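These notes are about the structure you will find just below.
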Amino acid sequence: MRSKNTIIALVVAIVLAILSYVVLAFVGLSGARGDGMPADGLSGFYLQASATPVMDDLVSVYNLVTYIIAGIVAFVLGLMAFIMIRFREKANPVPSKTSHHVGLEVAWTIIPVLILLVIAVPSMNLLYKQDVIKDTEVTVKAIGNTWNWSYIYPDHENVEEIISNPLDETQSKAQGKPYLLATDAALVVPVDTNVKVLVTSVNNMHAWTVPSFGIKMDAVPGIINETWFRATREGTFYGQCSEICGIKHYYMPIEVKVVSKAEYAKWIANDGAFTSSVAENNLSSVPSAAQK
Ligand SMILES: [Cu+2]
């Protein structure tokens with residue numbers, strides 16, 4: 001017979017692991033979130049703050065599933081504890097010979113089906129919402145290169161291709177920006193506008209991902225994939241290449257600057273350069289056409 005202590009230690013370890021998961025999940029649900037970039041500490045346990053309707057839905061589906069998981073975990077844990085105490089050898093010397101219970105079997109078939117349905121409905125809705133490209137007002141093309149992203153505005157030929165290279169550690173520190181996320185030239189898009197992103201690659205597979213927009217789209221050579229987002233607030237949102245693409249996979253961050261519609265119009269009219277008044281307005285890191 002295996003020693004009782006080993007079994008008790010094992011049970012305690014499992015219970016602690018499950019409890020700490022549930023506690024962390026709920027701390028995450030209620031905690032502060034990274035805004036446009038990952039956060040340190042416990043806040044980093046949760047998703048980044050949403051900036052699009054798709055991400056809003058994604059967060060609510062995630063929360064729903066987390067609550068359901070927590071409920072199931074608590075229920076199973078309670079059941080196991082009850083069985084271990086109530087039916088232990090000492091308290092229950094004559095084992096029951098029950099092998100069937102119709103009611104119970106119907107219940108443990110139907111209840112999980114209902115739970116799956118509750119998850120499936122919002123989850124399918126979200127899937128279609130992510131997939132369907134709404135009437136888009138702005139189109140940008142994101143191209144994965146080795147090793148950076150570049151952006152083209154197909155509707156505005158006056159805007160030169162934006163080559164987005166990461167800032168090195170010193171530059172990031174000097175500008176107070178997150179290293180390995182900040183770039184020297186961000187993608188610029190207007191707020192409250194449906195933006196279609198055409199994603200492709202030059203030579204190997206990458207993925208264009210912005211967590212706070214809830215989008216992740218593969219960049220495949222020879223194929224143009226489409227995704228869309230509608231940023232509901234202005235700001236800078238970071239992402240990273242999310243397909244292990246090679247030696248500098250870590251070194252191709254994504255930076256999206258969401259500006260007001262007026263600023264965007266000015267930026268386009270100005271051949272993809274911020275005018276000096278806007279540049280002073282905390283957007284100075286985007287190089288003007290003259291600097292290129
Ligand atoms: Cu890549």
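Ordering of the structure tokens sets the chain letters (A, B, ...); residue numbers start at 1 within each chain; ligands are numbered from 1 in the order shown.
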Using only C-alpha atoms and all ligand atoms, find each residue with an atom at most 6 Å away from ligand 1 and format the answer as a CSV table (one decimal) with N, CA and C atoms, in the first residue's frame.
```csv
chain,number,residue,atom,x,y,z
A,206,HIS,N,4.7,35.3,-41.3
A,206,HIS,CA,4.7,36.1,-40.1
A,206,HIS,C,3.2,36.2,-39.7
A,241,CYS,N,5.1,40.4,-34.1
A,241,CYS,CA,4.9,39.3,-35.0
A,241,CYS,C,4.6,38.1,-34.2
A,243,GLU,N,4.1,34.8,-35.5
A,243,GLU,CA,4.4,33.5,-36.1
A,243,GLU,C,5.9,33.3,-36.1
A,245,CYS,N,9.1,33.2,-37.1
A,245,CYS,CA,9.4,33.4,-38.5
A,245,CYS,C,10.9,33.2,-38.8
A,249,HIS,N,12.6,37.0,-35.2
A,249,HIS,CA,11.2,37.0,-35.0
A,249,HIS,C,10.9,38.0,-33.9
```
Applying 8 Å and only C-alpha atoms, which residues near Leu187 in chain A remain after dropping the ones on its own chain fewer than 4 positions away? List them as a list in words.
Tyr151, Ile162, Ser164, Glu255, Val256 and Lys257 of chain A
Neighbour list for Ser242 in chain A as a PyMOL selection string, cut-off 12 Å, only C-alpha atoms, skip fewer than 4 positions in-chain:
chain A and resi 144+205-211+215-219+246+248-254
Export C-alpha atoms of the chosen residues as an mmCIF file, in the first residue's frame?
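result.cif, written as the output of this step:
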```cif
data_model
loop_
_atom_site.group_PDB
_atom_site.id
_atom_site.type_symbol
_atom_site.label_atom_id
_atom_site.label_comp_id
_atom_site.auth_asym_id
_atom_site.auth_seq_id
_atom_site.Cartn_x
_atom_site.Cartn_y
_atom_site.Cartn_z
ATOM 1 C CA GLY A 144 6.020 41.152 -43.321
ATOM 2 C CA MET A 205 5.331 33.437 -42.689
ATOM 3 C CA HIS A 206 4.678 36.121 -40.100
ATOM 4 C CA ALA A 207 1.525 37.183 -38.273
ATOM 5 C CA TRP A 208 0.263 40.712 -37.797
ATOM 6 C CA THR A 209 -1.077 40.942 -34.271
ATOM 7 C CA VAL A 210 -2.362 43.751 -32.078
ATOM 8 C CA PRO A 211 -3.727 42.336 -28.794
ATOM 9 C CA ILE A 215 -6.696 40.753 -34.188
ATOM 10 C CA LYS A 216 -4.095 38.285 -35.361
ATOM 11 C CA MET A 217 -3.692 37.542 -39.053
ATOM 12 C CA ASP A 218 -1.165 35.322 -40.779
ATOM 13 C CA ALA A 219 1.129 36.964 -43.300
ATOM 14 C CA GLY A 246 13.124 33.077 -37.953
ATOM 15 C CA LYS A 248 14.767 37.982 -35.705
ATOM 16 C CA HIS A 249 11.190 37.018 -34.969
ATOM 17 C CA TYR A 250 11.463 38.930 -31.702
ATOM 18 C CA TYR A 251 12.652 41.991 -33.541
ATOM 19 C CA MET A 252 9.635 42.892 -35.675
ATOM 20 C CA PRO A 253 7.228 44.763 -33.422
ATOM 21 C CA ILE A 254 4.015 46.443 -34.540
#
```
Residue neighbourhood Ala74 in chain A, 9 Å, only C-alpha atoms, exclusion window fewer than 3 positions, as number ranges by chain:
A: 18-19, 22, 69-71, 77-79
The selected residues should be written to file as a CSV table (one decimal), in the first residue's frame (atoms: C-alpha atoms).
```csv
chain,number,residue,atom,x,y,z
A,18,ILE,CA,-6.4,24.6,-8.7
A,19,LEU,CA,-7.1,27.2,-6.1
A,22,VAL,CA,-8.9,30.3,-9.8
A,69,ILE,CA,-14.3,27.0,-15.8
A,70,ALA,CA,-14.0,28.4,-12.2
A,71,GLY,CA,-17.5,27.1,-11.5
A,77,LEU,CA,-13.2,20.0,-6.2
A,78,GLY,CA,-16.1,20.1,-3.7
A,79,LEU,CA,-17.4,16.8,-5.0
```
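The list of residues with at least one atom within 12 Å of Val11 in chain A, based on only C-alpha atoms and without residues fewer than 5 positions apart in the same chain, reads A:Lys4, A:Asn5, A:Thr6, A:Leu16, A:Ala17, A:Ile18, A:Leu77, A:Met80, A:Ala81, A:Met84.
The residue set within 8 Å of Gly36 in chain A, counting only C-alpha atoms and dropping same-chain residues fewer than 6 places from it, reads Gln48, Ala49, Pro211, Ser212, Gly235, Thr236, Phe237 and Tyr238 of chain A.
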Restricting the output to N, CA and C atoms, write the selected residues as a tab-separated table (two decimals), in the first residue's frame.
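Output (part15.tsv):
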```tsv
chain	number	residue	atom	x	y	z
A	48	GLN	N	-4.97	42.66	-22.46
A	48	GLN	CA	-4.79	44.10	-22.53
A	48	GLN	C	-6.14	44.80	-22.69
A	49	ALA	N	-6.18	46.07	-22.26
A	49	ALA	CA	-7.44	46.83	-22.34
A	49	ALA	C	-7.90	46.89	-23.80
A	211	PRO	N	-2.85	42.91	-29.82
A	211	PRO	CA	-3.73	42.34	-28.79
A	211	PRO	C	-4.90	43.24	-28.41
A	212	SER	N	-4.69	44.54	-28.26
A	212	SER	CA	-5.80	45.38	-27.79
A	212	SER	C	-6.86	45.58	-28.88
A	235	GLY	N	-4.63	56.71	-29.43
A	235	GLY	CA	-3.52	56.25	-28.61
A	235	GLY	C	-2.57	55.41	-29.43
A	236	THR	N	-1.59	54.86	-28.72
A	236	THR	CA	-0.61	54.02	-29.39
A	236	THR	C	-0.80	52.58	-28.92
A	237	PHE	N	-0.91	51.68	-29.86
A	237	PHE	CA	-1.16	50.28	-29.53
A	237	PHE	C	-0.07	49.42	-30.13
A	238	TYR	N	0.48	48.54	-29.31
A	238	TYR	CA	1.62	47.74	-29.75
A	238	TYR	C	1.24	46.29	-29.94
```
Quick one: everything within 9 Å of Glu161 in chain A, counting only C-alpha atoms, minus sequence neighbours fewer than 4 positions away in the same chain. Send it as a list in words.
Ser150, Tyr151, Ile152, Tyr153 and Glu157 of chain A
